[in-house]
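Reviewing the structure listed below.
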Amino acid sequence: MKMHRLSPVGVFDSGVGGLSVLQHIRHILPHESLIYFADSAYAPYGDKSEADIIERCLAVAEFLQQKEIKAFVVACNTATAAAIKTLRAHYPDLIIIGMEPGLKPAALLSKEKIVGVMATQFTLQSDKFKQLKNHLATETNVHFEEQACVGLVNQIEKGELRSIATLRLVRQFVTPLLQSGADTLVLGCTHYPFVTGLIEQVIREYHAEQGTPEKIVQIVDTGVAVALQLQRLLEQGGLSLQAIQRPPTLRAYTTSSKSSLRNAFSQLLKIPDSALDIAAIAEMPSAVSTC
Ligand code: DGL
């Protein structure tokens, strides 16, 4: 496996959610070239079986490995819960970074010791999540209230970040967490940071109705932590770029429509076409979907 300082970092999600992690990587590691992979034809992963998710993750990892990436960021909690062990076993020499819901930071932040966790059905039912939750519940005495947000990923994939339908869904998911007394909410899916505005709106409305408008609810997202972990591991491996050696590139691939991904970069990250190597996306669909 060829690995070089100048090689790109691969960032992967079932769809556009991983862009919430990519934005932190671009901030923290501005000199690195990046390849983003959206497996949008197969999104959402959250209602798929473990075997199906593992198969997709291996196909994507193989594709990106052929692009000679120096690190692989699984910017998807669901894919991490299902496939991180298998990926590490298949690519023992590659830096692989996964995501997990930020229960630990949330437990530290929560004064009421009640934390709401928003994630996909798959993530919440996974052994990895249950182990983390049980361990932290015992260690910190914090109660974790879970909420599977079925359908929210689809709304975000459609670009409906502020629609009435999305607001209704967010209200349906967030209200029970607030009713349980949660003062801290974990965004356990990389798509959800893109509806933080709606989540905050529901929190404000709820506490205004309860006559407790002064109550503060903290929202925890682990995107920055993952970008910092990538920075650490690249440095440890002697693979980080400290300064511009050549202009960093940004390429993206999707198993679905190029124009949707182009719109997502522009709508979610304000990255224009001119800064994105979208020509390469066209090579993608058959190469991976046939794996
Ligand atoms: N962004 C993925 C995650 O973090 C979404 C999962 C899905 O596709 O359902 O879990």
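Residue names in the structure tokens use chain letters A, B, ... in the order shown, residue numbers from 1 in each chain, and ligand numbers from 1 in the order shown.
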Write out as JSON lines the residues of stretch 41-127 of chain A that have any atom within 12 Å of an atom of stretch 169-176 of chain A, one row each with the nearest atom pair and its distance in Å to one decimal, counting only C-alpha atoms, sorted by chain and then rising number.
```
{"residue": "A:Val115", "atom": "CA", "partner": "A:Val174", "partner_atom": "CA", "distance": 11.7}
{"residue": "A:Gly116", "atom": "CA", "partner": "A:Val174", "partner_atom": "CA", "distance": 8.4}
{"residue": "A:Val117", "atom": "CA", "partner": "A:Val174", "partner_atom": "CA", "distance": 9.5}
{"residue": "A:Met118", "atom": "CA", "partner": "A:Phe173", "partner_atom": "CA", "distance": 7.9}
{"residue": "A:Ala119", "atom": "CA", "partner": "A:Phe173", "partner_atom": "CA", "distance": 10.2}
{"residue": "A:Thr120", "atom": "CA", "partner": "A:Phe173", "partner_atom": "CA", "distance": 11.6}
```
Kindly assemble as a tab-separated table a list of the chain A residues that lie within 10 Å of ligand 1, each paired with its nearest atom pair and their distance in Å to one decimal, using only C-alpha atoms and all ligand atoms, sorted first by chain and then by ascending residue number.
```
residue	atom	partner	partner_atom_place_in_ligand_line	distance
A:Phe12	CA	ligand 1	1 (N)	9.2
A:Asp13	CA	ligand 1	1 (N)	5.8
A:Ser14	CA	ligand 1	8 (O)	4.7
A:Gly15	CA	ligand 1	8 (O)	6.5
A:Val16	CA	ligand 1	1 (N)	7.3
A:Gly17	CA	ligand 1	1 (N)	4.4
A:Gly18	CA	ligand 1	1 (N)	6.0
A:Leu19	CA	ligand 1	1 (N)	9.1
A:Ser20	CA	ligand 1	1 (N)	9.0
A:Val21	CA	ligand 1	1 (N)	9.7
A:Ala38	CA	ligand 1	1 (N)	9.9
A:Asp39	CA	ligand 1	8 (O)	8.7
A:Ser40	CA	ligand 1	8 (O)	8.3
A:Tyr42	CA	ligand 1	8 (O)	7.9
A:Ala43	CA	ligand 1	8 (O)	4.7
A:Pro44	CA	ligand 1	8 (O)	3.3
A:Tyr45	CA	ligand 1	8 (O)	3.7
A:Gly46	CA	ligand 1	9 (O)	3.4
A:Asp47	CA	ligand 1	9 (O)	6.5
A:Lys48	CA	ligand 1	9 (O)	8.2
A:Ile53	CA	ligand 1	8 (O)	9.5
A:Val74	CA	ligand 1	4 (O)	8.9
A:Ala75	CA	ligand 1	4 (O)	6.5
A:Cys76	CA	ligand 1	4 (O)	3.5
A:Asn77	CA	ligand 1	4 (O)	3.8
A:Thr78	CA	ligand 1	10 (O)	3.9
A:Ala79	CA	ligand 1	10 (O)	6.6
A:Thr80	CA	ligand 1	10 (O)	8.1
A:Ala81	CA	ligand 1	10 (O)	8.6
A:Gly98	CA	ligand 1	4 (O)	10.0
A:Met99	CA	ligand 1	4 (O)	7.5
A:Glu100	CA	ligand 1	4 (O)	8.3
A:Pro101	CA	ligand 1	4 (O)	8.6
A:Met118	CA	ligand 1	10 (O)	9.9
A:Ala119	CA	ligand 1	10 (O)	6.5
A:Thr120	CA	ligand 1	9 (O)	5.8
A:Gln121	CA	ligand 1	9 (O)	8.1
A:Phe122	CA	ligand 1	9 (O)	7.8
A:Thr123	CA	ligand 1	10 (O)	6.8
A:Leu124	CA	ligand 1	10 (O)	9.9
A:Cys149	CA	ligand 1	9 (O)	9.2
A:Val150	CA	ligand 1	9 (O)	8.2
A:Gly151	CA	ligand 1	9 (O)	8.5
A:Leu152	CA	ligand 1	9 (O)	8.6
A:Val153	CA	ligand 1	9 (O)	5.9
A:Asn154	CA	ligand 1	9 (O)	8.1
A:Ile156	CA	ligand 1	5 (C)	9.9
A:Glu157	CA	ligand 1	8 (O)	9.2
A:Leu187	CA	ligand 1	4 (O)	8.7
A:Gly188	CA	ligand 1	4 (O)	6.3
A:Cys189	CA	ligand 1	4 (O)	3.3
A:Thr190	CA	ligand 1	4 (O)	4.0
A:His191	CA	ligand 1	1 (N)	4.7
A:Tyr192	CA	ligand 1	1 (N)	7.7
A:Pro193	CA	ligand 1	1 (N)	9.8
```
Discussion item. Taking only stretch 49-268 of chain A into account, list the residues labelled strand (DSSP E) by DSSP (computed from the backbone), as a VMD selection string.
Written reply: chain A and resid 71 to 74 95 to 97 114 to 119 143 to 148 184 to 187 218 to 220 250 to 254
Okay, now the selection with C-alpha atoms, as a PDB file, in the first residue's frame?
```pdb
ATOM      1  CA  ALA A  71      -5.990   7.963   5.964  1.00  0.00           C
ATOM      2  CA  PHE A  72      -9.625   6.925   5.918  1.00  0.00           C
ATOM      3  CA  VAL A  73     -12.173   8.856   7.963  1.00  0.00           C
ATOM      4  CA  VAL A  74     -15.428   6.970   8.404  1.00  0.00           C
ATOM      5  CA  ILE A  95      -4.949   5.123   9.440  1.00  0.00           C
ATOM      6  CA  ILE A  96      -8.673   4.578   9.974  1.00  0.00           C
ATOM      7  CA  ILE A  97     -10.712   6.939  12.127  1.00  0.00           C
ATOM      8  CA  ILE A 114     -29.673  13.397  31.826  1.00  0.00           C
ATOM      9  CA  VAL A 115     -28.386  13.263  28.261  1.00  0.00           C
ATOM     10  CA  GLY A 116     -30.503  12.834  25.140  1.00  0.00           C
ATOM     11  CA  VAL A 117     -28.931  10.852  22.311  1.00  0.00           C
ATOM     12  CA  MET A 118     -30.162  11.322  18.751  1.00  0.00           C
ATOM     13  CA  ALA A 119     -28.900   8.695  16.312  1.00  0.00           C
ATOM     14  CA  HIS A 143     -28.924   8.605  32.362  1.00  0.00           C
ATOM     15  CA  PHE A 144     -28.857   8.408  28.554  1.00  0.00           C
ATOM     16  CA  GLU A 145     -32.251   8.803  26.893  1.00  0.00           C
ATOM     17  CA  GLU A 146     -32.179   7.451  23.338  1.00  0.00           C
ATOM     18  CA  GLN A 147     -34.070   8.694  20.318  1.00  0.00           C
ATOM     19  CA  ALA A 148     -33.887   6.990  16.925  1.00  0.00           C
ATOM     20  CA  THR A 184     -27.566  18.014  26.858  1.00  0.00           C
ATOM     21  CA  LEU A 185     -28.261  16.538  23.426  1.00  0.00           C
ATOM     22  CA  VAL A 186     -25.815  14.369  21.508  1.00  0.00           C
ATOM     23  CA  LEU A 187     -25.893  14.504  17.714  1.00  0.00           C
ATOM     24  CA  GLN A 218     -26.092  22.022  25.163  1.00  0.00           C
ATOM     25  CA  ILE A 219     -25.629  20.261  21.842  1.00  0.00           C
ATOM     26  CA  VAL A 220     -22.679  17.889  21.389  1.00  0.00           C
ATOM     27  CA  LEU A 250     -10.828  18.558  -3.120  1.00  0.00           C
ATOM     28  CA  ARG A 251     -12.373  15.691  -5.035  1.00  0.00           C
ATOM     29  CA  ALA A 252     -15.699  14.023  -4.479  1.00  0.00           C
ATOM     30  CA  TYR A 253     -17.396  10.841  -5.587  1.00  0.00           C
ATOM     31  CA  THR A 254     -20.966   9.756  -5.284  1.00  0.00           C
TER      32      THR A 254
END
```
Discussion item. So that I can check the surroundings of stretch 86-89 of chain A, please list as an MDAnalysis selection string every protein, DNA and RNA residue that reaches within 9 Å of it, counting only C-alpha atoms and ignoring chain neighbours fewer than 5 positions away.
Written reply: chainID A and resid 54 57:58 61 94:96
Could you write out that same residue set with all heavy atoms as a PDB file, in the first residue's frame?
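Result went into again-v8.pdb, see below:
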```pdb
ATOM      1  N   ILE A  54     -21.509  -3.405   6.120  1.00  0.00           N
ATOM      2  CA  ILE A  54     -20.102  -3.835   6.018  1.00  0.00           C
ATOM      3  C   ILE A  54     -19.710  -3.981   4.547  1.00  0.00           C
ATOM      4  O   ILE A  54     -18.640  -3.530   4.129  1.00  0.00           O
ATOM      5  CB  ILE A  54     -19.867  -5.153   6.798  1.00  0.00           C
ATOM      6  CG1 ILE A  54     -19.972  -4.888   8.306  1.00  0.00           C
ATOM      7  CG2 ILE A  54     -18.509  -5.769   6.447  1.00  0.00           C
ATOM      8  CD1 ILE A  54     -19.860  -6.126   9.179  1.00  0.00           C
ATOM      9  N   CYS A  57     -19.139  -0.574   3.093  1.00  0.00           N
ATOM     10  CA  CYS A  57     -17.922   0.065   3.637  1.00  0.00           C
ATOM     11  C   CYS A  57     -16.670  -0.544   3.002  1.00  0.00           C
ATOM     12  O   CYS A  57     -15.716   0.177   2.676  1.00  0.00           O
ATOM     13  CB  CYS A  57     -17.863  -0.090   5.159  1.00  0.00           C
ATOM     14  SG  CYS A  57     -19.097   0.893   6.005  1.00  0.00           S
ATOM     15  N   LEU A  58     -16.673  -1.844   2.821  1.00  0.00           N
ATOM     16  CA  LEU A  58     -15.503  -2.485   2.213  1.00  0.00           C
ATOM     17  C   LEU A  58     -15.350  -2.050   0.756  1.00  0.00           C
ATOM     18  O   LEU A  58     -14.235  -1.818   0.276  1.00  0.00           O
ATOM     19  CB  LEU A  58     -15.616  -4.014   2.309  1.00  0.00           C
ATOM     20  CG  LEU A  58     -15.386  -4.590   3.709  1.00  0.00           C
ATOM     21  CD1 LEU A  58     -15.675  -6.089   3.727  1.00  0.00           C
ATOM     22  CD2 LEU A  58     -13.953  -4.330   4.188  1.00  0.00           C
ATOM     23  N   ALA A  61     -14.014   1.505   0.848  1.00  0.00           N
ATOM     24  CA  ALA A  61     -12.615   1.529   1.312  1.00  0.00           C
ATOM     25  C   ALA A  61     -11.692   1.041   0.199  1.00  0.00           C
ATOM     26  O   ALA A  61     -10.612   1.615  -0.027  1.00  0.00           O
ATOM     27  CB  ALA A  61     -12.464   0.659   2.554  1.00  0.00           C
ATOM     28  N   LEU A  94      -3.438   1.109   7.276  1.00  0.00           N
ATOM     29  CA  LEU A  94      -4.043   2.401   6.961  1.00  0.00           C
ATOM     30  C   LEU A  94      -4.548   3.075   8.242  1.00  0.00           C
ATOM     31  O   LEU A  94      -5.093   2.412   9.125  1.00  0.00           O
ATOM     32  CB  LEU A  94      -5.233   2.158   6.000  1.00  0.00           C
ATOM     33  CG  LEU A  94      -5.972   3.373   5.445  1.00  0.00           C
ATOM     34  CD1 LEU A  94      -5.056   4.253   4.587  1.00  0.00           C
ATOM     35  CD2 LEU A  94      -7.173   2.907   4.603  1.00  0.00           C
ATOM     36  N   ILE A  95      -4.357   4.377   8.330  1.00  0.00           N
ATOM     37  CA  ILE A  95      -4.949   5.123   9.440  1.00  0.00           C
ATOM     38  C   ILE A  95      -6.462   5.161   9.197  1.00  0.00           C
ATOM     39  O   ILE A  95      -6.920   5.676   8.167  1.00  0.00           O
ATOM     40  CB  ILE A  95      -4.399   6.566   9.497  1.00  0.00           C
ATOM     41  CG1 ILE A  95      -2.908   6.556   9.855  1.00  0.00           C
ATOM     42  CG2 ILE A  95      -5.197   7.425  10.480  1.00  0.00           C
ATOM     43  CD1 ILE A  95      -2.243   7.930   9.773  1.00  0.00           C
ATOM     44  N   ILE A  96      -7.209   4.589  10.116  1.00  0.00           N
ATOM     45  CA  ILE A  96      -8.673   4.578   9.974  1.00  0.00           C
ATOM     46  C   ILE A  96      -9.285   5.221  11.220  1.00  0.00           C
ATOM     47  O   ILE A  96      -8.999   4.801  12.343  1.00  0.00           O
ATOM     48  CB  ILE A  96      -9.212   3.136   9.808  1.00  0.00           C
ATOM     49  CG1 ILE A  96      -8.598   2.486   8.565  1.00  0.00           C
ATOM     50  CG2 ILE A  96     -10.746   3.147   9.716  1.00  0.00           C
ATOM     51  CD1 ILE A  96      -9.066   1.058   8.304  1.00  0.00           C
TER      52      ILE A  96
END
```
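Between A:Ile28 and the candidates A:Thr196, A:Thr255, A:Leu269, A:Arg232, the tightest atom-to-atom separation, counting only C-alpha atoms, involves A:Arg232.
Taking stretch 236-278 of chain A and asking which residues DSSP calls alpha helix (DSSP H) on the backbone, you get Gln236, Lys258, Ser259, Ser260, Leu261, Arg262, Asn263, Ala264, Phe265, Ser266, Gln267, Leu268 and Leu269 of chain A.
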Discussion item. Just to confirm, what's the straight-line distance from atom CA of A:Asp127 to atom CA of A:Glu50 in Å (one decimal)?
Written reply: 11.2 Å
Worksheet item: If you measure from atom CA of A:Leu103 to atom CA of A:Val226, what distance in Å do you get, rounded to one decimal?
Response: 14.1 Å
Worksheet entry | Selection: 7 Å around A:Val9, only C-alpha atoms, excl. self and same-chain fewer than 6 positions, as JSON, numbers by chain | {"A": [33, 34, 35, 69, 70, 71, 72]}
Kindly export the residues of the current selection with all heavy atoms, as a short mmCIF file (atom, residue, chain, number, x, y, z; two decimals), in the first residue's frame.
```cif
data_model
loop_
_atom_site.label_atom_id
_atom_site.label_comp_id
_atom_site.auth_asym_id
_atom_site.auth_seq_id
_atom_site.Cartn_x
_atom_site.Cartn_y
_atom_site.Cartn_z
N SER A 33 -5.00 17.46 0.93
CA SER A 33 -5.93 17.17 -0.16
C SER A 33 -6.94 16.15 0.35
O SER A 33 -6.59 15.24 1.11
CB SER A 33 -5.18 16.59 -1.37
OG SER A 33 -4.42 17.61 -1.96
N LEU A 34 -8.18 16.30 -0.08
CA LEU A 34 -9.25 15.46 0.46
C LEU A 34 -10.06 14.82 -0.67
O LEU A 34 -10.26 15.42 -1.73
CB LEU A 34 -10.20 16.31 1.32
CG LEU A 34 -9.57 17.08 2.49
CD1 LEU A 34 -10.60 18.01 3.13
CD2 LEU A 34 -9.01 16.12 3.54
N ILE A 35 -10.49 13.60 -0.40
CA ILE A 35 -11.47 12.96 -1.30
C ILE A 35 -12.70 12.63 -0.46
O ILE A 35 -12.60 11.93 0.55
CB ILE A 35 -10.92 11.64 -1.89
CG1 ILE A 35 -9.64 11.87 -2.68
CG2 ILE A 35 -11.99 11.00 -2.78
CD1 ILE A 35 -9.08 10.59 -3.32
N ILE A 69 -5.14 6.82 -0.75
CA ILE A 69 -5.35 7.69 0.40
C ILE A 69 -4.36 7.33 1.51
O ILE A 69 -3.93 6.18 1.62
CB ILE A 69 -6.81 7.60 0.95
CG1 ILE A 69 -7.21 6.14 1.25
CG2 ILE A 69 -7.78 8.26 0.01
CD1 ILE A 69 -8.50 6.00 2.01
N LYS A 70 -4.03 8.31 2.34
CA LYS A 70 -3.11 8.04 3.47
C LYS A 70 -3.87 7.84 4.77
O LYS A 70 -3.30 7.41 5.77
CB LYS A 70 -2.07 9.15 3.60
CG LYS A 70 -2.65 10.53 3.90
CD LYS A 70 -1.54 11.57 3.99
CE LYS A 70 -2.09 12.95 4.21
NZ LYS A 70 -1.06 13.99 4.23
N ALA A 71 -5.15 8.19 4.77
CA ALA A 71 -5.99 7.96 5.96
C ALA A 71 -7.44 7.89 5.51
O ALA A 71 -7.81 8.47 4.48
CB ALA A 71 -5.82 9.11 6.96
N PHE A 72 -8.23 7.16 6.28
CA PHE A 72 -9.63 6.93 5.92
C PHE A 72 -10.49 7.35 7.10
O PHE A 72 -10.41 6.76 8.18
CB PHE A 72 -9.79 5.44 5.63
CG PHE A 72 -11.16 5.01 5.15
CD1 PHE A 72 -11.88 5.77 4.24
CD2 PHE A 72 -11.72 3.81 5.58
CE1 PHE A 72 -13.12 5.36 3.78
CE2 PHE A 72 -12.96 3.39 5.13
CZ PHE A 72 -13.66 4.16 4.23
#
```
Worksheet item: Got a sec: who's within 9 Å of A:Leu109, counting only C-alpha atoms, leaving out chain neighbours fewer than 2 positions off, as a PyMOL selection string?
Response: chain A and resi 104-107+111+113+183-184+218
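Rounded to one decimal, atom CA of A:Gly102 and atom CA of A:Ile84 lie 16.8 Å from each other.
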